[in-house]
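**Q** Here it is, the structure, as structure tokens.
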Amino acid sequence: MDCFLDIWYDSLNKSGEELCGDKVKVLKTEHKTIVVLSDGLGSGVKANILATLTAEIIVTMLRADVPLKEVVSTVIGTLPVCKVREIAYATFTAIEIDHETNSFKIFNFDNPPTFHFRNGRHVELNRTSEIILGKQISTAEGQLERGDLLGVVSDGILHAGMGNLWNFGWEWENVAAHMEQLLRSSSRAKPIVQGLVSKTQSLYGQQVGDDATFVGIYARERHSLMVFTGPPLDRMTDEYQAQRLLDFEGRKVVCGGTTGTILESYLGEVIDVDLSTLRDDVPPIGRLSEIDLLTEGIITMSHALDYMRECAGEEFRLPRDRNGATLLAQELLRADSVFFLVGQQINEFYQNPLLPRNLSIRKNLVLEISQFLREHNKEVRIEFC
Amino acid sequence: MQKINLLVCMGSACHQKGVYHLRTALQKLLTDHRLEAQVELKGAFCLGPCMNAIVLKVGDQLILNVTPENVEQKFADDILPLLAEVNG
């Protein structure tokens with residue numbers, strides 16, 4: 001089943017520390033997703049460096065397709081051991097998820113067990129334990145179904161409330177129960193993780209006793225979006241590309257006057273321009289059946305990119321105004337994966353040297369938007385035509 | 001009687017040339033000439049000849065190179081006769 005892995009993490013620093021001693025690394029390649037949470041011994045700079053080093057080694061080796069087990073043994077073999085405490089300097093959980101099958105493998109060295117939720121309920125993972133280089137590693141395998149959530153935690157989450165509210169913190173079972181509540185309220189990883197971490201913070205009260213991190217990996221329905229912008233080089237392919245847009249499974253957006261008229265004639269309709277969305281700096285949107293959003297091209301896209309940058313990718317911080325650019329930004333930010341179909345026919349008008357440079361090339365604009373979206377954890381595919 | 005559509009291009013080029021202000025000016029001219037009852041001012045997606053922005057359209061006739069500056073002249077010289085023609 002096609003799932004999107006919606007991943008979000010959040011950390012609390014131990015009170016008084018500028019740096020977090022927990023480190024999360026997420027890497028998505030074409031075939032797999034890798035998530036590592038490393039918890040460095042102690043807190044502050046030393047813990048941060050150790051956790052970063054550990055997470056970085058694991059991600060780098062997994063990226064190079066070294067088998068997870070080999071990676072784990074390399075890291076355990078390399079990790080220094082604290083002379084005073086006789087324990088390793090960093091613990092870690094490494095998860096690898098195959099995109100084809102949604103099967104996952106977890107290797108856990110001394111972190112709390114990973115949570116697994118299915119249909120909103122906590123379910124036990126099938127854990128086995130292995131000895132690698134004399135260290136006990138807990139492993140688990142399984143397959144993600146749509147709606148599943150894996151929760152990776154550092155021990156700082158479980159210890160919240162220790163010594164004041166409870167003798168031993170709110171502990172693993174209660175974290176699981178609270179997660180079940182949060183899962184009922186949202187279908188996105190971010191609000192769930194933020195909810196869990198803010199609960200942790202409130203349980204700690206004034207004094208956060210330990211670095212605390214929660215990573216949520218939510219396998220949920222993919223929100224797909226296709227953006228068709230610019231007329232194709234070869235006019236003979238106009239209809240073919242228009243049909244591809246109509247066949248796309250997901251939201252459909254057209255950015256461009258000429259591109260709009262291609263769809264207009266293909267659908268045999270007349271674009272209904274919504275003049276209430278006309279702004280001094282943004283042209284109005286139009287309406288066509290089957291198309292979720294139809295805007296002018298370059299000016300609107302350029303403003304949408306500005307809006308997305310100004311709000312740092314947070315949809316709720318977009319300007320309240322309803323115009324082509326805010327609506328486009330909203331579509332882009334709501335999507336998990338975006339497919340840009342970019343026509344490269346040159347409009348003579350844009351060869352005018354008096355125009356601002358960023359208005360002159362559609363391709364650059366799409367590349368800039370794509371880069372922004374990728375930086376915000378979205379999958380982006382671009383095809384030129 | 002059906003209203004005549006006066007289409008104003010809202011494409012990129014026309015936008016750059018100030019269609020936002022042109023629209024207000026056109027609306028005012030229609031009011032001044034008491035044509036509101038007969039003429040509907042409508043937006044259109046790219047009407048084609050971007051090099052001659054701003055582009056207007058009445059029936060199947062295009063009116064080219066209209067700007068907020070020359071709109072009154074264009075209205076008297078080109079737009080009014082076309083509207084009368086279509087109406088007649």
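Labeling convention for the structure tokens: chains A, B, ... as they appear, residues from 1 per chain, ligands from 1 in order of appearance.
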Got a sec to pull out which chain A residues are within 7 Å of chain B, counting only C-alpha atoms, and send them as a compact mmCIF listing (two decimals) with N, CA and C atoms, in the first residue's frame?

**A**
```txt
# COMPACT_ATOMS: atom_id res chain seq x y z
N GLY A 257 -1.05 31.62 -17.62
CA GLY A 257 -2.15 32.05 -18.47
C GLY A 257 -2.29 31.14 -19.68
N THR A 258 -1.18 30.93 -20.39
CA THR A 258 -1.24 30.11 -21.59
C THR A 258 -1.55 28.66 -21.23
N VAL A 273 -12.93 33.94 -14.44
CA VAL A 273 -11.93 34.64 -13.64
C VAL A 273 -12.58 35.21 -12.38
N LEU A 275 -12.47 37.83 -10.05
CA LEU A 275 -11.83 39.14 -9.87
C LEU A 275 -11.70 39.55 -8.40
N ARG A 279 -5.18 41.32 -6.94
CA ARG A 279 -4.48 42.22 -6.04
C ARG A 279 -3.50 43.07 -6.85
N ASP A 280 -3.12 44.16 -6.24
CA ASP A 280 -2.13 45.05 -6.84
C ASP A 280 -0.93 44.25 -7.34
N PRO A 283 -2.02 38.60 -9.78
CA PRO A 283 -3.15 38.44 -10.70
C PRO A 283 -4.20 37.49 -10.13
N PRO A 284 -5.43 37.58 -10.63
CA PRO A 284 -6.52 36.78 -10.05
C PRO A 284 -6.43 35.30 -10.43
N GLU A 296 -2.35 32.58 -12.53
CA GLU A 296 -1.34 33.09 -13.46
C GLU A 296 -0.03 32.40 -13.08
N GLY A 297 0.99 32.49 -13.94
CA GLY A 297 2.21 31.74 -13.69
C GLY A 297 3.27 32.41 -12.83
N ILE A 298 4.16 33.12 -13.52
CA ILE A 298 5.41 33.51 -12.88
C ILE A 298 5.27 34.47 -11.70
N ILE A 299 4.40 35.46 -11.84
CA ILE A 299 4.25 36.44 -10.75
C ILE A 299 3.68 35.74 -9.52
N PHE A 349 7.51 37.92 -24.39
CA PHE A 349 7.39 39.06 -23.48
C PHE A 349 8.48 39.05 -22.41
```

**Q** So which residues of chain B fall under strand (DSSP E) by DSSP, listed as a PyMOL selection string?

**A** chain B and resi 4-9+39-44+56-58+61-63

**Q** Neighbouring residues of Glu290 of chain A were defined as those with any atom within 10 Å, considering only C-alpha atoms; residues of the same chain fewer than 4 positions away were excluded. Please report them as a list in words.

**A**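 Close residues of Glu290 of chain A: Leu245, Leu246, Arg251, Lys252, Val253 and Leu267 of chain A.
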
**Q** Selected residues, N, CA and C atoms, written as a CSV table (one decimal), in the first residue's frame, please.

**A**
```
chain,number,residue,atom,x,y,z
A,245,LEU,N,-2.5,15.7,-16.6
A,245,LEU,CA,-2.9,16.4,-15.4
A,245,LEU,C,-4.2,15.9,-14.9
A,246,LEU,N,-5.2,15.7,-15.8
A,246,LEU,CA,-6.5,15.3,-15.5
A,246,LEU,C,-6.5,13.9,-14.9
A,251,ARG,N,-4.3,16.4,-5.9
A,251,ARG,CA,-4.7,17.7,-6.2
A,251,ARG,C,-4.1,18.2,-7.5
A,252,LYS,N,-4.8,19.0,-8.3
A,252,LYS,CA,-4.3,19.5,-9.6
A,252,LYS,C,-4.3,21.0,-9.6
A,253,VAL,N,-3.1,21.5,-10.0
A,253,VAL,CA,-2.9,23.0,-10.0
A,253,VAL,C,-2.4,23.3,-11.4
A,267,LEU,N,-10.7,21.1,-22.2
A,267,LEU,CA,-11.9,20.8,-21.5
A,267,LEU,C,-13.2,21.3,-22.2
```

**Q** Can you tell me, as a list of chain:residue names, what residues are no more than 12 Å from Asp78 of chain B when counting only C-alpha atoms, ignoring any on the same chain fewer than 2 positions away?

**A**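 Counting only C-alpha atoms, the residues come to B:Leu56, B:Lys57, B:Val58, B:Gln61, B:Leu62, B:Ile63, B:Leu64, B:Asn65, B:Val66, B:Asn70, B:Val71, B:Glu72, B:Gln73, B:Lys74, B:Phe75, B:Ala76, B:Leu80, B:Pro81, B:Leu82, B:Leu83, B:Ala84, B:Glu85.
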
**Q** Measuring between only C-alpha atoms, which one of B:Asn87, B:Ile4, B:Asp77, B:Thr24 shows the shortest distance to Glu36 of chain B?

**A**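 Nearest candidate to Glu36 of chain B out of B:Asn87, B:Ile4, B:Asp77, B:Thr24: B:Ile4.
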
**Q** Need to verify the contact set: Leu12 of chain A, 8 Å, only C-alpha atoms, exclusion of same-chain residues closer than 5 positions in sequence. Can you return it as a VMD selection string?

**A** chain A and resid 20 197 201 208 211 to 213

**Q** Name all residues at most 6 Å from segment 221-229 of chain A (count only C-alpha atoms; drop same-chain ones fewer than 6 positions away) and give them as number ranges by chain.

**A** A: 3-4, 250-256, 335-342

**Q** Rounded to one decimal, what separation in Å do you get between atom CA of Val175 of chain A and atom CA of Thr200 of chain A?

**A** 9.0 Å

**Q** Apply DSSP to the structure's backbone, then extract all residues of chain B labelled helix (DSSP H, G or I) and return them as a PyMOL selection string.

**A** chain B and resi 12-16+19-32+50-52+71-87

**Q** For Gln344 of chain A, list every protein, DNA or RNA residue within 7 Å, evaluated using only C-alpha atoms, and leave out those in the same chain fewer than 3 positions away; present the list as a VMD selection string.

**A** chain A and resid 230 to 233 384 to 385
